[in-house]
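Single-structure report; data block below.
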Amino acid sequence: MRIRTSTRWVLAVVAWGLTAVCCGLLACSQQPEPPPVAYVGPTLAGDDLGVKASGVSKTGFDILETHSSTGRFPGAVAVARLVKPGNFFKSDNAQRWEVGEIGFEEAITWNSLGNRVPAIREMIVLDKLSTVSPTANIREIAGSARRLEAGLVLIYGPAPVTEDEHAALWGVIVDSTTADKVAFVQAAAGPGDYEPPHADRRKEDRRHWDVNYLARDKFQKQVRQCLLALIDRDRPPATTQPNPWQTKPAKEQPIYLLPPRPTPMQAW
């Protein structure tokens with residue numbers, strides 16, 4: 001059977017189209033997936049944390065209290081993440097933050113942050129049910145940490161960035177008893193922090209070039225270093241009270257005269 005010339009042209013065009021489609025699909029399958037998108041939502045201001053954030057390095061910590069603590073450690077540390085409320089239709093939501101949920105994976109890393117540090121008894125992750133009011137302020141969050149017997153509480157959230165494809169976190173460590181600011185912690189990550197793929201992770205795991213994850217990882221490491229610095233500044237509490245017989249002159253010591261008591265044999 002002979003095939004007409006026009007039919008041959010049609011078959012050739014169809015074969016060429018199928019080849020192009022297959023090559024295109026093969027090329028698309030070989031192209032690496034783009035990195036995860038950096039966080040672009042609302043960010044904290046220094047006033048939200050009660051500190052002046054200007055002049056602080058992008059990654060690092062500053063101890064704000066000027067005096068050493070006494071008996072703060074060993075103790076527990078609470079962690080609270082601030083988020084914007086989900087209902088954006090109310091006009092007052094644009095100005096307030098609330099304690100939000102921390103994902104399971106992130107909560108696990110917070111829980112293990114104090115491992116191999118005897119002075120950190122435990123890390124307590126707070127959620128939106130940990131405070132009396134969902135829109136709790138720093139003092140109320142500190143009170144919630146105090147009720148859970150945590151001497152310090154880290155309050156943190158997303159921070160502003162000056163470059164695209166970057167992510168950052170700010171946090172303030174607060175004394176749960178006084179609500180005083182103890183330290184300020186900050187970390188940022190960008191494309192320059194990308195890591196090569198990890199051999200012990202699945203191929204689909206893209207955390208090595210997720211700036212949100214990298215910023216969180218750097219932030220947690222800075223929090224740990226800050227806590228170690230606070231532990232070094234802490235002084236142990238006094239375990240004994242002063243002996244009045246050694247602190248007062250002998251002539252000022254009280255003398256007690258007790259009447260003689262008969263012994264059991266004498267009474268009998």
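Chain labels run A, B, ... following the order of the structure tokens; each chain numbers its residues from 1, and ligands are numbered from 1 in the order shown.
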If you count only C-alpha atoms, which residues fall within 8 Å of region 94-109 of chain A, apart from same-chain ones fewer than 5 positions away, as an NGL selection string?
-> :A and (80-85 or 88 or 125-128 or 131 or 134-137)
Do a neighbour search on Ala188 (chain A) at 7 Å with only C-alpha atoms, toss out local chain neighbours closer than 4 positions, and write the hits as a ChimeraX atom specification.
-> /A:58-59,167-169,215
Would you export the selected residues with C-alpha atoms as a short mmCIF file (atom, residue, chain, number, x, y, z; two decimals), in the first residue's frame, please?
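As written to disk, again-v7.cif reads:
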```cif
data_model
loop_
_atom_site.label_atom_id
_atom_site.label_comp_id
_atom_site.auth_asym_id
_atom_site.auth_seq_id
_atom_site.Cartn_x
_atom_site.Cartn_y
_atom_site.Cartn_z
CA LYS A 58 21.48 40.47 61.85
CA THR A 59 22.57 37.29 63.58
CA ALA A 167 13.94 35.56 56.20
CA ALA A 168 14.64 36.68 59.76
CA LEU A 169 13.46 36.15 63.35
CA ALA A 215 16.85 31.36 59.67
#
```
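Picture a line from CA of Gly41 (chain A) to CA of Pro158 (chain A); it runs 8.3 Å.
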Check the smallest atom-to-atom distance from each of A:Asp210, A:Asp234, A:Asp217, A:Asp62 to Val182 (chain A) using only C-alpha atoms, then report the winner.
->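 Of the candidates, the smallest distance to Val182 (chain A) is held by A:Asp62.
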Using only C-alpha atoms, which residues sit within 9 Å of Ser130 (chain A) once same-chain residues fewer than 6 positions away are excluded, as a PyMOL selection string?
-> chain A and resi 99+141+144-145
For the residues selected in the previous step, produce a file with N, CA, C and O atoms as a PDB file, in the first residue's frame.
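Written out: result-v4.pdb:
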```pdb
ATOM      1  N   VAL A  99      -0.131  34.817  70.825  1.00  0.00           N
ATOM      2  CA  VAL A  99       0.649  33.587  70.911  1.00  0.00           C
ATOM      3  C   VAL A  99       0.034  32.550  69.980  1.00  0.00           C
ATOM      4  O   VAL A  99      -1.166  32.283  70.046  1.00  0.00           O
ATOM      5  N   ILE A 141       2.316  36.977  79.051  1.00  0.00           N
ATOM      6  CA  ILE A 141       3.033  35.775  78.622  1.00  0.00           C
ATOM      7  C   ILE A 141       4.038  35.368  79.687  1.00  0.00           C
ATOM      8  O   ILE A 141       4.212  34.181  79.986  1.00  0.00           O
ATOM      9  N   SER A 144       2.246  33.576  82.381  1.00  0.00           N
ATOM     10  CA  SER A 144       1.921  32.198  82.011  1.00  0.00           C
ATOM     11  C   SER A 144       3.137  31.296  82.180  1.00  0.00           C
ATOM     12  O   SER A 144       3.019  30.161  82.645  1.00  0.00           O
ATOM     13  N   ALA A 145       4.313  31.798  81.803  1.00  0.00           N
ATOM     14  CA  ALA A 145       5.538  31.009  81.986  1.00  0.00           C
ATOM     15  C   ALA A 145       5.833  30.800  83.464  1.00  0.00           C
ATOM     16  O   ALA A 145       6.283  29.717  83.872  1.00  0.00           O
TER      17      ALA A 145
END
```
So how far away is CA of Ile124 (chain A) from CA of Ser112 (chain A), in Å?
-> 10.1 Å
Excluding Ala76 (chain A) and its own-chain neighbours fewer than 5 positions away, which residues fall within 8 Å of it when counting only C-alpha atoms? Please give them as a PDB file with C-alpha atoms, in the first residue's frame.
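The file below, selection.pdb, is the result:
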```pdb
ATOM      1  CA  ILE A 120      18.412  24.069  81.733  1.00  0.00           C
ATOM      2  CA  ARG A 121      15.886  21.793  83.394  1.00  0.00           C
ATOM      3  CA  GLU A 122      13.488  21.755  80.436  1.00  0.00           C
ATOM      4  CA  MET A 123      12.212  23.766  77.468  1.00  0.00           C
ATOM      5  CA  ILE A 124       8.445  24.387  77.587  1.00  0.00           C
ATOM      6  CA  GLU A 149       7.518  27.239  86.798  1.00  0.00           C
ATOM      7  CA  ALA A 150       9.720  28.573  83.994  1.00  0.00           C
ATOM      8  CA  GLY A 151      12.102  31.291  85.137  1.00  0.00           C
ATOM      9  CA  LEU A 152      12.645  32.671  81.628  1.00  0.00           C
TER      10      LEU A 152
END
```
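Atom pair CA of Pro191 (chain A) / CA of Tyr156 (chain A) has a distance of 22.7 Å (rounded to one decimal).
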Neighbour list for Ser176 (chain A) as number ranges by chain, cut-off 12 Å, only C-alpha atoms, skip fewer than 2 positions in-chain | A: 72, 75-79, 138-155, 172-174, 178-182
For the residues selected in the previous step, produce a file with C-alpha atoms as a PDB file, in the first residue's frame.
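Heads up, here's the output in again34.pdb:
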```
ATOM      1  CA  ARG A  72      18.077  31.691  88.136  1.00  0.00           C
ATOM      2  CA  GLY A  75      15.545  26.242  85.768  1.00  0.00           C
ATOM      3  CA  ALA A  76      13.100  25.878  82.910  1.00  0.00           C
ATOM      4  CA  VAL A  77      12.752  28.125  79.849  1.00  0.00           C
ATOM      5  CA  ALA A  78       9.428  28.675  78.052  1.00  0.00           C
ATOM      6  CA  VAL A  79       9.089  29.494  74.344  1.00  0.00           C
ATOM      7  CA  ILE A 138       4.647  40.397  77.195  1.00  0.00           C
ATOM      8  CA  ARG A 139       3.767  40.700  80.890  1.00  0.00           C
ATOM      9  CA  GLU A 140       0.869  38.240  80.556  1.00  0.00           C
ATOM     10  CA  ILE A 141       3.033  35.775  78.622  1.00  0.00           C
ATOM     11  CA  ALA A 142       5.657  36.060  81.366  1.00  0.00           C
ATOM     12  CA  GLY A 143       2.948  35.312  83.932  1.00  0.00           C
ATOM     13  CA  SER A 144       1.921  32.198  82.011  1.00  0.00           C
ATOM     14  CA  ALA A 145       5.538  31.009  81.986  1.00  0.00           C
ATOM     15  CA  ARG A 146       5.800  31.684  85.723  1.00  0.00           C
ATOM     16  CA  ARG A 147       2.731  29.533  86.413  1.00  0.00           C
ATOM     17  CA  LEU A 148       4.479  26.716  84.549  1.00  0.00           C
ATOM     18  CA  GLU A 149       7.518  27.239  86.798  1.00  0.00           C
ATOM     19  CA  ALA A 150       9.720  28.573  83.994  1.00  0.00           C
ATOM     20  CA  GLY A 151      12.102  31.291  85.137  1.00  0.00           C
ATOM     21  CA  LEU A 152      12.645  32.671  81.628  1.00  0.00           C
ATOM     22  CA  VAL A 153      10.455  32.907  78.538  1.00  0.00           C
ATOM     23  CA  LEU A 154      11.537  33.504  74.943  1.00  0.00           C
ATOM     24  CA  ILE A 155       8.994  35.534  72.945  1.00  0.00           C
ATOM     25  CA  VAL A 172      13.353  38.730  73.491  1.00  0.00           C
ATOM     26  CA  ILE A 173      14.132  36.650  76.577  1.00  0.00           C
ATOM     27  CA  VAL A 174      12.075  37.859  79.549  1.00  0.00           C
ATOM     28  CA  THR A 178       9.582  40.640  86.873  1.00  0.00           C
ATOM     29  CA  ALA A 179       8.755  40.716  83.121  1.00  0.00           C
ATOM     30  CA  ASP A 180      12.081  42.519  82.630  1.00  0.00           C
ATOM     31  CA  LYS A 181      13.889  42.071  79.301  1.00  0.00           C
ATOM     32  CA  VAL A 182      16.974  39.934  79.797  1.00  0.00           C
TER      33      VAL A 182
END
```
